[in-house]
Amino acid sequence: MSTLTKLSAIPYTGPAPTNRNVYTPTEAPAADARGEAILAALNLSALTQERGQDLPTFIVDRAEIINVLRALHDHASLQFTLPLELFAVDYPNREQRFDVVYQLYSLANNERVRLKVRLADGETLATSSGVYQAYDWFEREIFDMFGIRFDGHPNLRRILTHENFQGHALRKDYDPAQRWLLTDAGIATIHPKIAPQFVQEEEDSDFERVTLNLGPSHPATHGTLRIVTTLDGETIVGADCEIGYLHRCFEKMSETHTYQQVIPYTDRLNYCSAIINNVGYCMTVEKMLGVTAPERAQHVRLILSEFYRISDHIICIGTNLVDMGALTNFWWLFQPREEIIALAESCSGARLLPSYLRIGGLAVDVPSDFLANAQRIVNMLPRYIDDVEALVMKNRIFRDRVEGVGVISREDAINFGFTGPCLRATGVPFDVRKSNPYLGYETYDWDVPVAEGGDTFARFLVRFEEMRQSLRILQQAIDRGLPPGPVMVDNPYVALPPKAKVYNEMESLIYHFKLIMHGIQPPVGEAYFQVEGGNGEVGFYIVSDGTKHPYRVRARPPCFPIFEAYSKMITGQTIPDAIAALGSLNIIAGELDR
Amino acid sequence: MPVQKIDTPNSIIPRKAGVAPGEGPEKGLITLPGEAARDTGDDLGGATYLTTKLDQVVNWARGNSLWPLPFGTACCAIEFMSMVSSHYDISRFGAEVVRFSPRQADLMIVAGTIVDKIAPVLKTIYDQMPEPKYVIAMGACATSGGFYRAYHVVQGIDEIVPVDMWVPGCPPTPDGLMYAILKLKEKIERGEIRRG
């Protein structure tokens, strides 16, 4: 491949990637230095630093993981209080087959850390759900997908796949198309655990306790969630959520496709804000490849991201109000949303899920009237937002239904791994666009809206204000204009050469052939990159083995920890409260179950 | 006295020739089962014609007042929302009465991927719908599993329930779904679909 570079008619002078290269992130020296400082601060022998990673990374002894997590959580200056990720990677040829990877975030210092535990097949790990409540479900997912058991876990059963499923799907030796049928007889009955504060009351209650199923097909679940509640009269005394009704195997499918082919799958994670997922995935691969999309492409990415964020919030607010009986707002808000969708359609040809991004840029350039249309939508949106806000904010029925409903405290929200508007509604100003700016967000003048209270009303306020802030960003982006130039990087190992060259130049034809047949081949290594999605931090963790297929793609689902906390949020409240709270969390099943 | 053949120029439905399921004594007329063999010459029971017209009236009414049950699981459900809301407005075609209870619906629109875990639920809900009932498989996933050729995805809902209309697209545009509803309406009015 290196000789091809020399002969190239395309002015490309960078290195030729081969599948023997090892990925060295540009952040590695800083991460290594920070890792040493963390190691010194913790003073624990169970940690070994792994150098050359994009985050400070440590390999932890299997027996010591709880102590290490607790030390990181409780440390006076480090304060890694926010659990972001917990997943596993399977390396069947290794003696210690599994890597269990923890990623934590420190709100105080705005930094991340990654911990890895290596496990052989059959070895167990202590549960960390006592330190971070979020890890309860994450551990269940690892058990489901890899068969790793967690000692002391309160409820270790399958979470994404169904009860009749055999084997563990994300192990490398599992056939991607091997299905198992679920019959009526196989469906397990769920008995929610009664919350401790209600256990004693059963004797005194006038009512018989009944179990009520919400979903999986229920108008308020907007998709496929199942909430089993135990009611005492009208009060929910226990609730249990069952998910996996839309588990369509994103991570396994990614492993069987090439890097470019994964883009449409990422669209379908959070299908209300598809472009943002595209941005997250493409930028992760670009980070590994060491390429940067041209300025024009980045500018379009930012504009479309913000439009889709508004569209995401419109769907959330609109459907949440429908659940509470206010249908008008839904009809009213969907009109500007259609305009946003039409803008994406004019760029890519597809409406809801445009798959418009490519690794290295955009699929095609935007139409000539792109900015004019964007300006027209930016001009029309404030009126719709103001109208809906005026309709509901002084509405007594609405206020009574949302104030003090579905409350989560700041400490719980952090411990559960909340991100995005739900975390900001508890007063924590964490936004990836501010904390780890990408696409040039740091150059725009905008604010992170924060509300106090952590109830459904606070989440409404945050979403309304975020739409306005997105409009601020959009207005500045439109005023700056689109930078001239191409929308794809000039790198024949990433971007296809122009068709005219393919037909007329031997070198371009070879590049074209190589890229189609062998795909993009990032260097061997792993990387994590995060963007701010409609619901919070959308992160992608990609492991490359130097071939055209990703070895492992892990998507961080912001909904997953949020929905995990839901049963806690509704305990002690009534069913109508639960419905109002559920809509305000904006649970998107595609992202929740992947 | 020979029975006068009843012509139907004033019928509210324009007849379409040659589309009835059983080839009846008169082309274009729908006969009841078991009556097809009857001699057409001079023994045309008035009842046959009366029933025929009633069928058509009923089918016309059915076709114009479909009550959809959105079995929305994924992305297609968002496009379904677009179809019912202000811009596309399916109420122009009489199918806006969205009901989430299977007991009150006659058209199930399966919008989104059906995975093995929810397949028994889909079957139960279909069984709970009263006859006559129709099913639209909206989008690639409901039709064939789409590009999810995977360990947890049903490869097309016709594994579980009978389907009347398949809508291509991932997701289909709202106009695509609207077209499917109009096609289904035509099919119902022609009396092609009979079950139960």
# chains A, B, ... in the order shown; residues from 1 in each chain; ligands from 1

call {"tool": "closest_atom_pairs", "arguments": {"of": "stretch 391-474 of chain A", "to": "stretch 355-375 of chain A", "cutoff": "12 Å", "atoms": "only C-alpha atoms", "output": "CSV"}}
result
residue,atom,partner,partner_atom,distance
A:Leu439,CA,A:Gly361,CA,12.0
A:Leu471,CA,A:Gln375,CA,10.0
A:Arg472,CA,A:Gln375,CA,11.6
A:Ile473,CA,A:Gln375,CA,12.0
A:Leu474,CA,A:Ala374,CA,8.3

call {"tool": "interface_residues", "arguments": {"of": "chain A", "to": "chain B", "cutoff": "9 Å", "atoms": "only C-alpha atoms", "output": "MDAnalysis selection string"}}
result
chainID A and resid 160:163 165 169 175:184 187 216:219 222:224 244:250 252:253 265 268 270:272 315 330:332 334:335 338 350:353 588:590

call {"tool": "atom_distance", "arguments": {"atom1": "atom CA of A:Thr127", "atom2": "atom CA of A:Ile65"}}
result
9.0 Å

call {"tool": "select_by_dssp", "arguments": {"residues": "stretch 19-231 of chain A", "states": "helix (DSSP H, G or I)", "output": "ChimeraX atom specification"}}
result
/A:28-42,62-74,135-146,184-186,196-203,219-221

call {"tool": "residues_around", "arguments": {"residues": "A:Val405", "least_positions_apart": "5", "cutoff": "7 Å", "atoms": "only C-alpha atoms", "output": "PDB file with all heavy atoms, in the first residue's frame"}}
result
ATOM      1  N   ASP A 455     -37.723  17.501  39.249  1.00  0.00           N
ATOM      2  CA  ASP A 455     -39.039  16.913  38.992  1.00  0.00           C
ATOM      3  C   ASP A 455     -39.394  17.065  37.508  1.00  0.00           C
ATOM      4  O   ASP A 455     -38.619  17.603  36.715  1.00  0.00           O
ATOM      5  CB  ASP A 455     -40.108  17.547  39.886  1.00  0.00           C
ATOM      6  CG  ASP A 455     -40.216  19.046  39.696  1.00  0.00           C
ATOM      7  OD1 ASP A 455     -39.372  19.592  38.964  1.00  0.00           O
ATOM      8  OD2 ASP A 455     -41.116  19.665  40.278  1.00  0.00           O
ATOM      9  N   THR A 456     -40.580  16.582  37.154  1.00  0.00           N
ATOM     10  CA  THR A 456     -41.002  16.622  35.763  1.00  0.00           C
ATOM     11  C   THR A 456     -41.052  18.050  35.239  1.00  0.00           C
ATOM     12  O   THR A 456     -40.675  18.325  34.104  1.00  0.00           O
ATOM     13  CB  THR A 456     -42.386  15.958  35.655  1.00  0.00           C
ATOM     14  OG1 THR A 456     -42.285  14.650  36.206  1.00  0.00           O
ATOM     15  CG2 THR A 456     -42.839  15.850  34.224  1.00  0.00           C
ATOM     16  N   ASP A 577     -49.106  10.103  37.813  1.00  0.00           N
ATOM     17  CA  ASP A 577     -47.797  10.727  38.014  1.00  0.00           C
ATOM     18  C   ASP A 577     -46.723   9.960  37.252  1.00  0.00           C
ATOM     19  O   ASP A 577     -45.824  10.549  36.641  1.00  0.00           O
ATOM     20  CB  ASP A 577     -47.419  10.730  39.495  1.00  0.00           C
ATOM     21  CG  ASP A 577     -48.320  11.638  40.303  1.00  0.00           C
ATOM     22  OD1 ASP A 577     -49.001  12.462  39.675  1.00  0.00           O
ATOM     23  OD2 ASP A 577     -48.340  11.502  41.538  1.00  0.00           O
ATOM     24  N   ALA A 581     -44.232  11.432  34.435  1.00  0.00           N
ATOM     25  CA  ALA A 581     -42.780  11.383  34.632  1.00  0.00           C
ATOM     26  C   ALA A 581     -42.110  10.613  33.500  1.00  0.00           C
ATOM     27  O   ALA A 581     -41.039  11.001  33.026  1.00  0.00           O
ATOM     28  CB  ALA A 581     -42.465  10.736  35.973  1.00  0.00           C
TER      29      ALA A 581
END

call {"tool": "residues_around", "arguments": {"residues": "B:Leu107", "least_positions_apart": "2", "cutoff": "7 Å", "atoms": "only C-alpha atoms", "output": "mmCIF file with N, CA, C and O atoms, in the first residue's frame"}}
result
data_model
loop_
_atom_site.group_PDB
_atom_site.id
_atom_site.type_symbol
_atom_site.label_atom_id
_atom_site.label_comp_id
_atom_site.auth_asym_id
_atom_site.auth_seq_id
_atom_site.Cartn_x
_atom_site.Cartn_y
_atom_site.Cartn_z
ATOM 1 N N LEU B 66 -61.348 3.288 8.913
ATOM 2 C CA LEU B 66 -60.414 2.375 9.574
ATOM 3 C C LEU B 66 -59.980 2.981 10.908
ATOM 4 O O LEU B 66 -59.706 4.173 10.992
ATOM 5 N N TRP B 67 -59.948 2.146 11.915
ATOM 6 C CA TRP B 67 -59.471 2.592 13.227
ATOM 7 C C TRP B 67 -58.130 1.933 13.473
ATOM 8 O O TRP B 67 -58.088 0.764 13.830
ATOM 9 N N PRO B 68 -57.065 2.668 13.293
ATOM 10 C CA PRO B 68 -55.769 2.014 13.419
ATOM 11 C C PRO B 68 -55.313 1.831 14.864
ATOM 12 O O PRO B 68 -55.575 2.677 15.727
ATOM 13 N N LEU B 69 -54.663 0.715 15.082
ATOM 14 C CA LEU B 69 -53.969 0.449 16.348
ATOM 15 C C LEU B 69 -52.488 0.531 16.014
ATOM 16 O O LEU B 69 -51.976 -0.326 15.306
ATOM 17 N N ALA B 105 -60.092 -1.515 17.628
ATOM 18 C CA ALA B 105 -59.386 -1.191 16.391
ATOM 19 C C ALA B 105 -59.575 -2.307 15.378
ATOM 20 O O ALA B 105 -59.828 -3.460 15.744
ATOM 21 N N ILE B 109 -51.239 -1.384 12.588
ATOM 22 C CA ILE B 109 -50.083 -0.913 11.834
ATOM 23 C C ILE B 109 -48.854 -1.277 12.646
ATOM 24 O O ILE B 109 -48.614 -0.708 13.712
ATOM 25 N N LYS B 133 -60.255 -7.793 10.573
ATOM 26 C CA LYS B 133 -59.077 -7.021 10.985
ATOM 27 C C LYS B 133 -58.017 -7.079 9.895
ATOM 28 O O LYS B 133 -57.930 -8.060 9.164
ATOM 29 N N TYR B 134 -57.282 -6.038 9.813
ATOM 30 C CA TYR B 134 -56.284 -5.903 8.754
ATOM 31 C C TYR B 134 -54.949 -5.533 9.385
ATOM 32 O O TYR B 134 -54.891 -4.934 10.449
ATOM 33 N N VAL B 135 -53.870 -5.891 8.694
ATOM 34 C CA VAL B 135 -52.533 -5.628 9.222
ATOM 35 C C VAL B 135 -51.697 -4.962 8.148
ATOM 36 O O VAL B 135 -51.678 -5.409 6.998
#

call {"tool": "residues_around", "arguments": {"residues": "B:Ser65", "least_positions_apart": "2", "cutoff": "12 Å", "atoms": "only C-alpha atoms", "output": "list of chain:residue names"}}
result
B:Val58, B:Asn59, B:Trp60, B:Ala61, B:Arg62, B:Gly63, B:Trp67, B:Pro68, B:Ile90, B:Ser91, B:Arg92, B:Phe93, B:Gly94, B:Ala95, B:Glu96, B:Val97, B:Val98, B:Ala105, B:Asp106, B:Leu107, B:Ile181, B:Leu182, B:Leu184, B:Lys185, B:Ile188, B:Glu189

call {"tool": "closest_residue", "arguments": {"among": "A:Ile562, A:Ala293, A:Ala555, A:Ile510", "to": "A:Cys422", "atoms": "only C-alpha atoms"}}
result
A:Ile562

call {"tool": "atom_distance", "arguments": {"atom1": "atom CA of A:Tyr281", "atom2": "atom CA of A:Tyr174"}}
result
24.6 Å

call {"tool": "atom_distance", "arguments": {"atom1": "atom CA of A:Tyr503", "atom2": "atom CA of A:Met517"}}
result
17.3 Å
